[in-house]
Structure formats: C-alpha cells, structure tokens
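Notes follow the structure.
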Amino acid sequence: MKRIYFTTLFLFFLAHGYAQEEISQSVAWENDTIISMLNLPDILIKGERPIVRLREGKLTYDMPRLLEDKIVSNAYESILQLPGVREQNGSLLLAGAKSLTVILNGKPTTMTSDQLYALLKATPQSRLQSAEVMYSAPPQYHIRGAVINLVLKKGNSIIPDLQGQVNSSYTQKYYGGYSAGGTVLYSSRKFSADFLYTLNKSKMRTGLDLYSKHLLNGTEHVIDQFNKGKSTRFSHNMRIGLDYELTDKDKLSFAYTGRISPTYDRFEESKGSLPQTETSRSYIDPEQMHNLAINYKSGMGLSTGLDYTFYKDKSVQDFTDQQTKNFLSYTNQQIDRLTVYADQTHTLGTWALNYGGKFSYASDHSRQYYQPRNGEDLSSLDANNTLEEYTYDFYAGFDKSFTEQFSVSASLTGEHYRYGSFKEWVLFPRLEMSYVFSPSHLLQLSVSSDRAYPNYWEMHGAISYLNNYAEIHGNRDLRPSKDYEAQLNYIFKGKYIVTAYTNYSDDYFAQLPYQSSDRLALIYQTLNWDYSLTAGVNIIIPFSVGEKLDSRLTLNGFYDRSKSEHFHDISFLNKKWVFYTRLDNTIKLSSQPNIALEISGAYLTPNIQGPAELTKMWMLDAGLKWTFAKEKGELRLKGIDLFDAWSPNMRVHYATQNLDMNMLPDSRAITLSFTYKFGGYKSRERKEVDTSRFGQ
C-alpha cells in the first residue's frame, strides 16, 4: 500500500514538473489546460497553464483563454478583463502606470483616445489573439511609457475566403442608446482586406449641484447652482484595411479610419441663487475625423510609414439668462497632423541593435467669436489663431539576452519640441530588465520617461461660459509635463502578480475649479503644477473553485502627493493614502446550453486631485452570456454600476477656496447585445488613430 502511495505521489510531481516545463517553453496556446495522461487506472493529472507569460520583456496574455465565458462584446471591454486594468472617467488605467496607450499589432497611431476607444468598441472580441502589456514600450513603437499591444488574428488564407460578423446592442442608462454594425474580411495567400462599419447613437444625462461660499473683498457670498442637462450624439465609424505581402518577408499595409458625427446637441439649464440660464450647443457642420496610414516592413529589418490625420468641428452655443447675457458663440477647429517614421533593427549575434526616428507636424487653426443679441460688447473674447507644432524624435537602443534567465532592453530618445514660442530639448531614457529564477518565479524591472501634451484647444486661451457663475478659460502658457515611471513586477506561477511602482510628473497639468479673487466667477482652467507623485503596490490574486467558479482579486494601495506654488494666486500641498480593491467572478451555470454568469464589485477610498478631495466610490456589475448555434451566436445581458455609485463628488476647502460639487451620476447601464459570425469568421489586424488632443 505504501509502495502504491509513494509511486503515485512521485508520478504526480513528475507530471506536474513536466507540465510546468511545457508551460515555460510553449509558444502557441491552443488549449485551456495542459493535461498529462498517466497509464495508471483511474488517475488523471491536470496541470494548469498560466494566464500570463513573460516573453521578450512583455507580459503576454492569451486572450481567448482569458475571455472564456466572460461577458464582453468588443475589444474595449476585453481590455478591462486584463489584470490591473480599469476604467475611470472614460479612460483606461493600468495599475502602476501614469498613463496608458493602446495600439494594434505594434503599429504607431495618431488617433485620439476617444477615436481609439470608439474603434475598439467596434472591434469584435473574437479577433483578439493576445495582449502584450509593456510598462516601458520599446522606442520603435514611437510611444513612451505603458502600452497594451493587442495582437489580432491574421486572416491570410491559401484559398480565397470571405468571413464576417454582425453585431448590435442596446444600452439603457437614464436615456437609451444603441449601436449596430458589422465586419467583413477577405483573405487570400498574399492579399487581404477588411471593412468595418458601426452606427452609434448615445444620449446622456448631465448634472451638477454646486454649493459655493465665495470670499470676495472680505465678504462671503453664498452661491448655490443646480445644473441639469442632456446631450445626444449620432456618429458613423468606419475602417478599410488592405495588406499585401510582396514577398514572404516584405509587407505593405494601408488603412483608412474615419468618424463622422452629423449631429450633436447638448442642452443645460442652471437654476439657483444667480439668474437662471439656458445654454445649448450643436454642430453647424458634421464633426469629421479622417486618418490615412501607410506602412512598409522589409525583411531586412526596416519599417517605415506615413500617417496623416484631418480633424474638423464647427459648432454654435446659444446662451441666455434672465438679466444680462444673451449671445451666440461660434467655434471652429481644424487640425492637420502628419507623422513620418522609420525604424531599423540589426541582429549581431546575441545582440539586437535598433535605431530610428519620427517627425510630426501639426497645424491647428482654431477660431471663436461672439455675436451678442442685447448690444453687449464681447469682442474681447474673440479668438482666431493658427498654431504650429513640430516634434523631432531620434533614438538608439539594444536588446540583449545575457543568459537564459537574464535579459536587458535599453534605449535613449532625444526629442526636440516646438509649439508656438515654446521650444525644448529633452532626453528620455528607457530600461527594462527581466530575470527568470524558474518558470514559476519571474522578475521584471521597467523604467521609462515620457512627455504629456495639453489639448490643442486649451492652448488658444479662449473663454466660454457654462452659466452665470462658471466659466472655462484656456491657457496660452501651458507647457507639456515630463513624466518618469518605475515598476517592479514579480510573477508567481504565471498568474499571481505583485507590482511595486512610483510615478513622478514635473510640470503636471490638470483642469480644476477656482473661485476668482476679483469677481464672483468660478473659473475652470488647466494649469501646470510643480509636480504630482504616486507610489504604491498592486497585487493580483486569481483563484478558482472547481470548474464552475473563476475569480480574481485585485488589491492596490498607493500614496498620492501634489504640489503647486502658483495655483492662480494661492499655493497648495495635498497628500493622501488611497486603497482600491476589486473582485471579479465568472460562474459557469451550464455547458449545454452554454450559459455563464458574471458578478464583479469594486471599491475606491477617498482620493485627491490637486487641492480638491474626492469622495469614495463603489460599484457592482452583473451579467449573463448565452452562446449558441455552434459557437457562432452570442446573446449578452450586462449591468454596469447597478447602484449608480461609481462617480465621486468633489470638496475644495483650502486657503480661500470653499465649495462642494455633487455630480449627478449617469454611469448605471443595462446593455443587451447580439453577435453572429458567418463564414468561419477570423480576426484581422487594425490600427488606431490618436486624437486625444483634438476637440473643444
């Protein structure tokens, strides 16, 4: 009996070690688990495959396995399933990173985050092959800092093939909205083409209750403002991609990405201690974004490309109150941006040397003028400027594996930046080191630096009115910030991740409200601070119970500190410890039919933003997914922030500032979506356009 026991125990550890070795060496992920069959009666040994692997300095996730049974319908929702990624205020955040950029198939982009997110939401999740998380992206990506590279399944086929997918969804927040679209992919041995189109209509509720004790000339003025409104947007998103393989190693790619919003209407009413105001804004002409990109990759290690983006919007604001102001305000923005880049890689033994450069030019012509209807002279508020931006980047670096366990990737980028009268040379160092103690113990150190740029419209200095008390001011003296980051990742058994991190931003900028010292006005303006500092630890713990429950616990504790000696006419130094936690659960209710349940919850303790205090937030999500018709059809029902509590209120009680701002939340959403694939649908690569600095 003892002999059988020890023999079985020995075979278990032998099989487990074999599975771990296969995990460390396997390149393709084709199954959900690695199974070793032993020729012993009634014994079946299973070794669980890791959800993340460290490959060439990148945390690589097998997306089909990660998304199994998850209630997601597109690439954007899929990114939120990556450990450490969350959404806040409409932006994607990665634990430990100052900022996050998403790209597709390693290609640089000039789309803004809004346009990028719109395309991701139109990209089916079934097209995702893997996700590469990099805290310090290589310079040939032409993006510094944290990057998530979505690798899409390729559609090339020896026999010409036509595949596709149709999808639709309805989302009910306070108001309802919908989207519908489809993707078609044609592929042959050397040529492939894909087409994407989505139609979106959204309607949102807005609202803010403001309680201000405004100190002016030694007298405290109590001002209460209650703002409610709604906005409606209708837009078309489209993409056409063409790829041609000149040879087995040479490839030419072309892509067009476009967004046209023919209608946008926003109305807001403000009541309170000041005269009632009504303001509306709408497009005069459709908002347009068009992007053209060409890329050539050579088998000799050369990659070069050109990217052009055109953006234009033209709108009018109708502002009326019961006493003084009554005007129309016309705004117009047109941006032309061109980027040209070239990258070269040489392999010399065990060394990989890379160098290259990028040149970007942007022309921003923005205009605003007022047309009063009561005889008031508002000509001093008019603005008509054309500003030009030039950016020159040059880099050199290397990749080297010194042993099977230890590898280093390092580079240095020099950048010359000129916008208007502002000129500056900056060096951006980058370092990434990885050490594999064993397949179960991985260590990675990332150090990076970057520069963040303000929105184009903010740098024109234009002034606009929200109501009789609140105004938005531009700032012609805005400067880009310089950001420095470091992350130390420890990965245990391919799934448990501990990240210690610190982020420091010099000349950090943000928009915050300020009670004017010379008149009764609440001014929203983006200003440069001295610095912003964050340091903390993030822990990810996945676990499962049998084959029915799959869970992941995220714990993140960090220290925030911000300082400004010249915040208008006051200064501030604010600091706080913050804690964030999230628990995600996927429950497989049935295999036949294939039905899965998802329940998630998150909690964030009070935080700071400059001199302001933000209240705590919490949320609860739940959803169901039914897969049918031999995995071709999916029906999903999902509820986001069911208790409408993932929205903070702001408190500013500092120096001369005394105000409370309570947001009217509109984050609760119920979405019903349907997807059907035809022709053996497979994924195709796409590229994003960065337009994060466009818009008013």
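Identifiers in the structure tokens: chain A, B, ... in order shown; residue index from 1 per chain; ligand index from 1 in order shown.
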
For Phe234 in chain A, work out the shell of residues within 8 Å, counting only C-alpha atoms and skipping chain neighbours fewer than 3 positions away, then give it as an NGL selection string. :A and (199-202 or 261-264)

Tell me which protein, DNA and RNA residues are within 12 Å of range 515-518 of chain A, counting only C-alpha atoms, leaving out same-chain ones fewer than 2 positions away, and put them as a PyMOL selection string. chain A and resi 211-223+469-471+512-513+520-525+567-570+652-660

Write out as an mmCIF file with N, CA and C atoms, in the first residue's frame each polymer residue whose atoms come within 10 Å of Ser667 in chain A, counting only C-alpha atoms; drop sequence neighbours fewer than 6 positions from it.
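Written file, result.cif:
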```cif
data_model
loop_
_atom_site.group_PDB
_atom_site.id
_atom_site.type_symbol
_atom_site.label_atom_id
_atom_site.label_comp_id
_atom_site.auth_asym_id
_atom_site.auth_seq_id
_atom_site.Cartn_x
_atom_site.Cartn_y
_atom_site.Cartn_z
ATOM 1 N N ASN A 89 -13.499 57.656 -15.345
ATOM 2 C CA ASN A 89 -13.798 58.902 -16.064
ATOM 3 C C ASN A 89 -13.620 58.752 -17.570
ATOM 4 N N LYS A 173 -29.211 53.703 -20.065
ATOM 5 C CA LYS A 173 -28.798 54.438 -18.878
ATOM 6 C C LYS A 173 -30.033 55.206 -18.411
ATOM 7 N N TYR A 174 -29.875 56.493 -18.066
ATOM 8 C CA TYR A 174 -31.071 57.286 -17.799
ATOM 9 C C TYR A 174 -31.871 57.414 -19.091
ATOM 10 N N MET A 204 -27.037 61.096 -23.123
ATOM 11 C CA MET A 204 -26.545 61.094 -21.754
ATOM 12 C C MET A 204 -27.206 62.187 -20.933
ATOM 13 N N ARG A 205 -27.340 61.899 -19.647
ATOM 14 C CA ARG A 205 -27.821 62.891 -18.700
ATOM 15 C C ARG A 205 -26.627 63.536 -18.020
ATOM 16 N N MET A 619 -18.886 50.097 -6.809
ATOM 17 C CA MET A 619 -19.710 49.666 -7.935
ATOM 18 C C MET A 619 -19.976 48.168 -7.856
ATOM 19 N N ILE A 640 -23.966 47.474 -15.629
ATOM 20 C CA ILE A 640 -22.767 48.168 -15.158
ATOM 21 C C ILE A 640 -23.158 49.149 -14.057
ATOM 22 N N ASP A 641 -22.433 49.106 -12.954
ATOM 23 C CA ASP A 641 -22.655 50.037 -11.836
ATOM 24 C C ASP A 641 -24.144 50.084 -11.474
ATOM 25 N N LEU A 642 -24.655 48.946 -11.056
ATOM 26 C CA LEU A 642 -26.092 48.789 -10.848
ATOM 27 C C LEU A 642 -26.667 49.766 -9.828
ATOM 28 N N PHE A 643 -25.841 50.230 -8.887
ATOM 29 C CA PHE A 643 -26.330 51.155 -7.863
ATOM 30 C C PHE A 643 -25.926 52.607 -8.143
ATOM 31 N N ASP A 644 -25.359 52.870 -9.350
ATOM 32 C CA ASP A 644 -25.031 54.234 -9.779
ATOM 33 C C ASP A 644 -24.163 54.958 -8.752
ATOM 34 N N ALA A 645 -23.118 54.259 -8.265
ATOM 35 C CA ALA A 645 -22.291 54.809 -7.186
ATOM 36 C C ALA A 645 -20.827 54.996 -7.594
ATOM 37 N N TRP A 646 -20.497 54.742 -8.880
ATOM 38 C CA TRP A 646 -19.104 54.878 -9.328
ATOM 39 C C TRP A 646 -18.885 56.275 -9.915
ATOM 40 N N SER A 647 -19.159 57.274 -9.116
ATOM 41 C CA SER A 647 -18.995 58.668 -9.534
ATOM 42 C C SER A 647 -18.694 59.497 -8.292
#
```

Contacts of Tyr141 in chain A at 9 Å or less, counting only C-alpha atoms, minus same-chain residues fewer than 4 places along, as a PyMOL selection string? chain A and resi 103+106-108+137

Any chance you could export the current selection's N, CA and C atoms as a tab-separated table (two decimals), in the first residue's frame?
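Okay, this is what ended up in part-v5.tsv:
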```
chain	number	residue	atom	x	y	z
A	103	ILE	N	-2.50	50.08	-28.63
A	103	ILE	CA	-2.19	50.01	-30.05
A	103	ILE	C	-2.57	48.63	-30.56
A	106	GLY	N	1.24	46.41	-32.90
A	106	GLY	CA	2.52	47.10	-32.79
A	106	GLY	C	2.70	48.30	-33.67
A	107	LYS	N	1.62	48.81	-34.26
A	107	LYS	CA	1.74	49.94	-35.18
A	107	LYS	C	1.47	51.25	-34.46
A	108	PRO	N	2.31	52.28	-34.68
A	108	PRO	CA	2.06	53.59	-34.09
A	108	PRO	C	0.78	54.20	-34.64
A	137	ALA	N	7.51	50.71	-23.17
A	137	ALA	CA	7.44	50.24	-24.55
A	137	ALA	C	8.75	50.51	-25.29
```

Write out as a tab-separated table a residue-level contact list of range 127-214 of chain A versus range 348-356 of chain A with cut-off 10 Å: for each qualifying residue the closest pair of atoms and the distance in Å to one decimal, counting only C-alpha atoms, rows sorted by chain and residue number upward.
```
residue	atom	partner	partner_atom	distance
A:Pro138	CA	A:Asn354	CA	9.6
A:Pro139	CA	A:Tyr355	CA	8.3
A:Gln140	CA	A:Gly356	CA	7.3
A:His142	CA	A:Gly356	CA	9.6
```

File dump, residues just selected, N, CA and C atoms, as a CSV table (one decimal), in the first residue's frame:
```csv
chain,number,residue,atom,x,y,z
A,138,PRO,N,9.2,49.6,-26.2
A,138,PRO,CA,10.4,49.8,-27.0
A,138,PRO,C,10.2,51.1,-27.9
A,139,PRO,N,11.3,51.8,-28.2
A,139,PRO,CA,11.2,53.0,-28.9
A,139,PRO,C,10.6,52.9,-30.3
A,140,GLN,N,10.7,51.7,-31.0
A,140,GLN,CA,10.2,51.5,-32.3
A,140,GLN,C,8.6,51.6,-32.3
A,142,HIS,N,7.2,54.1,-31.0
A,142,HIS,CA,7.0,55.5,-31.0
A,142,HIS,C,6.0,56.0,-30.0
```

Could you tell me how far CA of Pro593 in chain A lies from CA of Leu672 in chain A, in Å and to one decimal?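 Taking CA of Pro593 in chain A as the start and CA of Leu672 in chain A as the end point, the length is 18.7 Å.
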
For Pro611 in chain A, which residue among A:Thr526, A:Gln487, A:Ser273, A:Ser562 is the nearest when counting only C-alpha atoms?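 Using only C-alpha atoms, the shortest distance to Pro611 in chain A belongs to A:Ser562.
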
Shell around Ala462 in chain A at 9 Å using only C-alpha atoms, local window under 2 positions removed, as an NGL selection string: :A and (367-368 or 381-383 or 457-460 or 464 or 472-476)

Which residues come within 7 Å of Ala131 in chain A, counting only C-alpha atoms, excluding same-chain residues fewer than 4 positions away, as a ChimeraX atom specification? /A:60-63,148-151

Take the residues just selected and output them with C-alpha atoms as a tab-separated table (two decimals), in the first residue's frame.
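Saved the output as out.tsv:
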```
chain	number	residue	atom	x	y	z
A	60	THR	CA	1.69	38.35	-22.69
A	61	TYR	CA	-1.89	37.20	-22.12
A	62	ASP	CA	-3.71	34.51	-24.09
A	63	MET	CA	-6.91	36.47	-24.83
A	148	ILE	CA	-1.07	47.47	-24.31
A	149	ASN	CA	-0.48	45.95	-27.74
A	150	LEU	CA	-3.47	43.97	-28.96
A	151	VAL	CA	-2.34	41.26	-31.36
```

With distances taken over only C-alpha atoms, which of A:Tyr435, A:Trp626, A:Tyr283, A:Trp425 is nearest to Pro480 in chain A?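 The closest residue to Pro480 in chain A is A:Trp425.
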
Using only C-alpha atoms, I'd like a table of the residues in range 74-98 of chain A that come within 12 Å of range 548-559 of chain A; for each, show the closest atom pair and its distance in Å rounded to one decimal, ordered by chain and ascending number, as a tab-separated table.
```
residue	atom	partner	partner_atom	distance
A:Gln81	CA	A:Arg552	CA	10.0
A:Leu82	CA	A:Arg552	CA	10.4
A:Pro83	CA	A:Thr554	CA	7.8
A:Gly84	CA	A:Thr554	CA	7.2
A:Val85	CA	A:Thr554	CA	9.9
A:Arg86	CA	A:Thr554	CA	10.6
A:Leu94	CA	A:Asn556	CA	11.2
A:Ala95	CA	A:Asn556	CA	7.7
A:Gly96	CA	A:Asn556	CA	9.0
A:Ala97	CA	A:Phe558	CA	11.9
```

Could the residues in this selection be written to a file with N, CA and C atoms, as a PDB file, in the first residue's frame?
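Listed below is the output, part22.pdb:
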```
ATOM      1  N   GLN A  81     -10.693  43.238 -18.955  1.00  0.00           N
ATOM      2  CA  GLN A  81     -10.522  41.938 -18.311  1.00  0.00           C
ATOM      3  C   GLN A  81      -9.064  41.642 -17.990  1.00  0.00           C
ATOM      4  N   LEU A  82      -8.134  42.446 -18.507  1.00  0.00           N
ATOM      5  CA  LEU A  82      -6.720  42.240 -18.208  1.00  0.00           C
ATOM      6  C   LEU A  82      -6.442  42.609 -16.757  1.00  0.00           C
ATOM      7  N   PRO A  83      -5.659  41.810 -16.050  1.00  0.00           N
ATOM      8  CA  PRO A  83      -5.338  42.124 -14.656  1.00  0.00           C
ATOM      9  C   PRO A  83      -4.696  43.504 -14.518  1.00  0.00           C
ATOM     10  N   GLY A  84      -5.202  44.304 -13.583  1.00  0.00           N
ATOM     11  CA  GLY A  84      -4.644  45.622 -13.315  1.00  0.00           C
ATOM     12  C   GLY A  84      -5.224  46.736 -14.144  1.00  0.00           C
ATOM     13  N   VAL A  85      -6.107  46.423 -15.118  1.00  0.00           N
ATOM     14  CA  VAL A  85      -6.697  47.451 -15.980  1.00  0.00           C
ATOM     15  C   VAL A  85      -8.096  47.795 -15.468  1.00  0.00           C
ATOM     16  N   ARG A  86      -8.401  49.076 -15.391  1.00  0.00           N
ATOM     17  CA  ARG A  86      -9.740  49.521 -15.006  1.00  0.00           C
ATOM     18  C   ARG A  86     -10.082  50.803 -15.752  1.00  0.00           C
ATOM     19  N   LEU A  94      -3.930  51.554 -16.065  1.00  0.00           N
ATOM     20  CA  LEU A  94      -3.174  50.354 -15.743  1.00  0.00           C
ATOM     21  C   LEU A  94      -2.499  50.562 -14.401  1.00  0.00           C
ATOM     22  N   ALA A  95      -2.730  49.654 -13.471  1.00  0.00           N
ATOM     23  CA  ALA A  95      -2.170  49.787 -12.133  1.00  0.00           C
ATOM     24  C   ALA A  95      -0.654  49.952 -12.194  1.00  0.00           C
ATOM     25  N   GLY A  96      -0.164  51.017 -11.586  1.00  0.00           N
ATOM     26  CA  GLY A  96       1.265  51.280 -11.542  1.00  0.00           C
ATOM     27  C   GLY A  96       1.784  52.173 -12.642  1.00  0.00           C
ATOM     28  N   ALA A  97       0.944  52.505 -13.635  1.00  0.00           N
ATOM     29  CA  ALA A  97       1.374  53.331 -14.765  1.00  0.00           C
ATOM     30  C   ALA A  97       0.730  54.710 -14.688  1.00  0.00           C
TER      31      ALA A  97
END
```

Tell me which of A:Ala255, A:Ile284, A:Leu59, A:Ala500 sits closest to Tyr308 in chain A, counting only C-alpha atoms.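 Among the listed residues, A:Ala255 lies closest to Tyr308 in chain A.
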
Among range 428-586 of chain A, which residues does DSSP mark as strand (DSSP E or B) when it is run on the backbone? Keep the chain and numbering as in the structure and answer as a PDB file with C-alpha atoms, in the first residue's frame.
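Result file out_35.pdb:
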```pdb
ATOM      1  CA  PHE A 428      14.042  60.182 -22.487  1.00  0.00           C
ATOM      2  CA  PRO A 429      15.877  57.131 -21.081  1.00  0.00           C
ATOM      3  CA  ARG A 430      14.262  53.691 -21.021  1.00  0.00           C
ATOM      4  CA  LEU A 431      15.311  50.450 -19.338  1.00  0.00           C
ATOM      5  CA  GLU A 432      13.697  47.040 -18.983  1.00  0.00           C
ATOM      6  CA  MET A 433      15.336  44.064 -17.263  1.00  0.00           C
ATOM      7  CA  SER A 434      13.887  40.585 -16.796  1.00  0.00           C
ATOM      8  CA  TYR A 435      15.163  37.718 -14.677  1.00  0.00           C
ATOM      9  CA  VAL A 436      13.657  34.226 -14.697  1.00  0.00           C
ATOM     10  CA  PHE A 437      14.535  32.438 -11.464  1.00  0.00           C
ATOM     11  CA  SER A 438      12.404  29.489 -12.612  1.00  0.00           C
ATOM     12  CA  HIS A 441       9.262  32.867 -10.442  1.00  0.00           C
ATOM     13  CA  LEU A 442       9.698  35.835 -12.798  1.00  0.00           C
ATOM     14  CA  LEU A 443      11.008  39.318 -12.008  1.00  0.00           C
ATOM     15  CA  GLN A 444      10.794  42.392 -14.243  1.00  0.00           C
ATOM     16  CA  LEU A 445      12.027  45.958 -13.737  1.00  0.00           C
ATOM     17  CA  SER A 446      10.752  48.742 -16.011  1.00  0.00           C
ATOM     18  CA  VAL A 447      11.958  52.358 -16.062  1.00  0.00           C
ATOM     19  CA  SER A 448      10.600  54.860 -18.556  1.00  0.00           C
ATOM     20  CA  SER A 449      10.137  58.575 -19.185  1.00  0.00           C
ATOM     21  CA  ASP A 450       7.718  60.497 -21.340  1.00  0.00           C
ATOM     22  CA  ARG A 451       6.137  63.841 -22.064  1.00  0.00           C
ATOM     23  CA  ALA A 452       2.387  64.623 -21.855  1.00  0.00           C
ATOM     24  CA  ILE A 463     -13.073  81.787 -22.846  1.00  0.00           C
ATOM     25  CA  SER A 464     -16.533  80.211 -22.806  1.00  0.00           C
ATOM     26  CA  TYR A 465     -19.476  80.328 -20.382  1.00  0.00           C
ATOM     27  CA  ALA A 470     -18.948  79.052 -14.155  1.00  0.00           C
ATOM     28  CA  GLU A 471     -16.515  79.801 -16.998  1.00  0.00           C
ATOM     29  CA  ILE A 472     -13.913  77.789 -18.924  1.00  0.00           C
ATOM     30  CA  HIS A 473     -10.617  79.564 -19.629  1.00  0.00           C
ATOM     31  CA  SER A 481       4.754  67.780 -18.498  1.00  0.00           C
ATOM     32  CA  LYS A 482       7.718  65.433 -18.117  1.00  0.00           C
ATOM     33  CA  ASP A 483       6.808  62.051 -16.625  1.00  0.00           C
ATOM     34  CA  TYR A 484       9.107  59.485 -15.010  1.00  0.00           C
ATOM     35  CA  GLU A 485       7.959  55.972 -14.043  1.00  0.00           C
ATOM     36  CA  ALA A 486       9.360  52.796 -12.485  1.00  0.00           C
ATOM     37  CA  GLN A 487       7.660  49.420 -11.928  1.00  0.00           C
ATOM     38  CA  LEU A 488       8.948  46.204 -10.366  1.00  0.00           C
ATOM     39  CA  ASN A 489       6.817  43.145 -11.257  1.00  0.00           C
ATOM     40  CA  TYR A 490       7.033  39.771  -9.566  1.00  0.00           C
ATOM     41  CA  ILE A 491       5.034  36.962 -11.223  1.00  0.00           C
ATOM     42  CA  PHE A 492       4.449  33.712  -9.343  1.00  0.00           C
ATOM     43  CA  TYR A 496      -0.090  35.843  -9.192  1.00  0.00           C
ATOM     44  CA  ILE A 497       1.322  39.330  -9.848  1.00  0.00           C
ATOM     45  CA  VAL A 498       2.800  41.846  -7.399  1.00  0.00           C
ATOM     46  CA  THR A 499       3.724  45.289  -8.756  1.00  0.00           C
ATOM     47  CA  ALA A 500       5.585  47.960  -6.802  1.00  0.00           C
ATOM     48  CA  TYR A 501       5.530  51.293  -8.637  1.00  0.00           C
ATOM     49  CA  THR A 502       6.228  55.006  -8.496  1.00  0.00           C
ATOM     50  CA  ASN A 503       5.277  57.817 -10.914  1.00  0.00           C
ATOM     51  CA  TYR A 504       6.554  61.398 -10.868  1.00  0.00           C
ATOM     52  CA  SER A 505       5.355  64.220 -13.158  1.00  0.00           C
ATOM     53  CA  ASP A 506       7.209  67.511 -13.404  1.00  0.00           C
ATOM     54  CA  PHE A 509      -1.217  69.861 -15.602  1.00  0.00           C
ATOM     55  CA  ALA A 510      -4.930  69.404 -14.895  1.00  0.00           C
ATOM     56  CA  GLN A 511      -8.174  71.366 -15.054  1.00  0.00           C
ATOM     57  CA  LEU A 512      -9.713  72.313 -11.704  1.00  0.00           C
ATOM     58  CA  PRO A 513     -12.282  74.888 -10.495  1.00  0.00           C
ATOM     59  CA  TYR A 514     -11.085  78.114  -8.802  1.00  0.00           C
ATOM     60  CA  GLN A 515     -13.114  80.825  -7.032  1.00  0.00           C
ATOM     61  CA  LEU A 522     -15.897  80.057 -10.827  1.00  0.00           C
ATOM     62  CA  ILE A 523     -13.069  79.517 -13.316  1.00  0.00           C
ATOM     63  CA  TYR A 524     -12.185  76.138 -14.814  1.00  0.00           C
ATOM     64  CA  GLN A 525      -8.660  76.356 -16.217  1.00  0.00           C
ATOM     65  CA  THR A 526      -5.858  73.912 -16.941  1.00  0.00           C
ATOM     66  CA  LEU A 527      -2.660  74.955 -15.142  1.00  0.00           C
ATOM     67  CA  ASN A 528       0.814  73.495 -14.660  1.00  0.00           C
ATOM     68  CA  TYR A 531       4.702  68.124  -9.515  1.00  0.00           C
ATOM     69  CA  SER A 532       2.472  65.118  -8.937  1.00  0.00           C
ATOM     70  CA  LEU A 533       3.778  61.960  -7.220  1.00  0.00           C
ATOM     71  CA  THR A 534       2.225  58.497  -6.827  1.00  0.00           C
ATOM     72  CA  ALA A 535       3.796  55.414  -5.214  1.00  0.00           C
ATOM     73  CA  GLY A 536       2.151  52.126  -4.308  1.00  0.00           C
ATOM     74  CA  VAL A 537       1.802  48.357  -4.550  1.00  0.00           C
ATOM     75  CA  ASN A 538      -0.715  46.394  -6.652  1.00  0.00           C
ATOM     76  CA  ILE A 539      -1.477  42.705  -6.012  1.00  0.00           C
ATOM     77  CA  ILE A 540      -3.471  40.389  -8.312  1.00  0.00           C
ATOM     78  CA  ILE A 541      -4.703  37.052  -6.919  1.00  0.00           C
ATOM     79  CA  PRO A 542      -6.689  34.756  -9.252  1.00  0.00           C
ATOM     80  CA  PHE A 543      -8.369  31.679  -7.812  1.00  0.00           C
ATOM     81  CA  SER A 544     -11.000  29.118  -8.760  1.00  0.00           C
ATOM     82  CA  VAL A 545     -13.390  26.740  -7.047  1.00  0.00           C
ATOM     83  CA  LEU A 549     -16.178  29.451 -10.380  1.00  0.00           C
ATOM     84  CA  ASP A 550     -13.279  31.533 -11.714  1.00  0.00           C
ATOM     85  CA  SER A 551     -12.358  34.619  -9.658  1.00  0.00           C
ATOM     86  CA  ARG A 552      -9.721  37.355  -9.492  1.00  0.00           C
ATOM     87  CA  LEU A 553      -8.983  39.668  -6.563  1.00  0.00           C
ATOM     88  CA  THR A 554      -7.149  42.979  -7.109  1.00  0.00           C
ATOM     89  CA  LEU A 555      -5.656  44.969  -4.209  1.00  0.00           C
ATOM     90  CA  ASN A 556      -3.976  48.340  -4.788  1.00  0.00           C
ATOM     91  CA  GLY A 557      -2.696  50.693  -2.091  1.00  0.00           C
ATOM     92  CA  PHE A 558      -0.930  53.915  -3.069  1.00  0.00           C
ATOM     93  CA  TYR A 559       0.226  57.309  -1.828  1.00  0.00           C
ATOM     94  CA  ASP A 560      -0.745  60.480  -3.756  1.00  0.00           C
ATOM     95  CA  ARG A 561       1.027  63.825  -3.355  1.00  0.00           C
ATOM     96  CA  SER A 562       0.566  67.057  -5.379  1.00  0.00           C
ATOM     97  CA  LYS A 563       2.147  70.496  -5.040  1.00  0.00           C
ATOM     98  CA  SER A 564       1.773  73.887  -6.737  1.00  0.00           C
ATOM     99  CA  GLU A 565       3.315  77.168  -5.605  1.00  0.00           C
ATOM    100  CA  HIS A 566       1.295  79.167  -8.145  1.00  0.00           C
ATOM    101  CA  PHE A 567      -2.238  77.831  -8.397  1.00  0.00           C
ATOM    102  CA  ILE A 570      -2.679  80.628  -3.912  1.00  0.00           C
ATOM    103  CA  SER A 571      -0.496  77.569  -3.345  1.00  0.00           C
ATOM    104  CA  PHE A 572      -1.276  74.054  -2.186  1.00  0.00           C
ATOM    105  CA  LEU A 573       0.347  70.859  -0.960  1.00  0.00           C
ATOM    106  CA  ASN A 574      -2.026  67.912  -0.725  1.00  0.00           C
ATOM    107  CA  LYS A 575      -1.352  64.251   0.062  1.00  0.00           C
ATOM    108  CA  LYS A 576      -3.333  61.125   0.868  1.00  0.00           C
ATOM    109  CA  TRP A 577      -3.157  57.336   1.181  1.00  0.00           C
ATOM    110  CA  VAL A 578      -5.658  55.578  -1.094  1.00  0.00           C
ATOM    111  CA  PHE A 579      -6.861  51.970  -1.346  1.00  0.00           C
ATOM    112  CA  TYR A 580      -8.586  50.258  -4.300  1.00  0.00           C
ATOM    113  CA  THR A 581      -9.958  46.722  -4.415  1.00  0.00           C
ATOM    114  CA  ARG A 582     -11.911  44.730  -6.996  1.00  0.00           C
ATOM    115  CA  LEU A 583     -13.291  41.191  -7.126  1.00  0.00           C
ATOM    116  CA  ASP A 584     -14.301  39.593 -10.450  1.00  0.00           C
ATOM    117  CA  ASN A 585     -16.241  36.322 -10.555  1.00  0.00           C
ATOM    118  CA  THR A 586     -17.279  34.165 -13.522  1.00  0.00           C
TER     119      THR A 586
END
```

Would you return as a PDB file with C-alpha atoms, in the first residue's frame the members of range 74-275 of chain A that DSSP assigns to alpha helix (DSSP H) on this structure's backbone?
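Written out: part19.pdb:
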```pdb
ATOM      1  CA  ALA A  75     -12.016  44.759 -27.785  1.00  0.00           C
ATOM      2  CA  TYR A  76     -12.552  47.670 -25.385  1.00  0.00           C
ATOM      3  CA  GLU A  77     -14.458  45.525 -22.887  1.00  0.00           C
ATOM      4  CA  SER A  78     -11.849  42.789 -23.361  1.00  0.00           C
ATOM      5  CA  ILE A  79      -9.044  45.120 -22.273  1.00  0.00           C
ATOM      6  CA  SER A 113      -8.172  58.305 -27.138  1.00  0.00           C
ATOM      7  CA  ASP A 114     -11.851  58.992 -27.924  1.00  0.00           C
ATOM      8  CA  GLN A 115     -11.472  57.804 -31.500  1.00  0.00           C
ATOM      9  CA  LEU A 116      -9.322  54.878 -30.404  1.00  0.00           C
ATOM     10  CA  TYR A 117     -11.932  53.774 -27.870  1.00  0.00           C
ATOM     11  CA  ALA A 118     -14.674  54.137 -30.488  1.00  0.00           C
ATOM     12  CA  LEU A 119     -12.785  51.790 -32.814  1.00  0.00           C
ATOM     13  CA  LEU A 120     -12.037  49.320 -30.003  1.00  0.00           C
ATOM     14  CA  LYS A 121     -15.732  49.205 -29.130  1.00  0.00           C
ATOM     15  CA  ALA A 122     -16.439  48.382 -32.773  1.00  0.00           C
TER      16      ALA A 122
END
```

Given the choices A:Leu466, A:Leu427, A:Met300, A:Leu128, which gets closest to Gln276 in chain A if the distance is worked out from only C-alpha atoms?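 Between A:Leu466, A:Leu427, A:Met300, A:Leu128, the residue approaching Gln276 in chain A most closely is A:Leu466.
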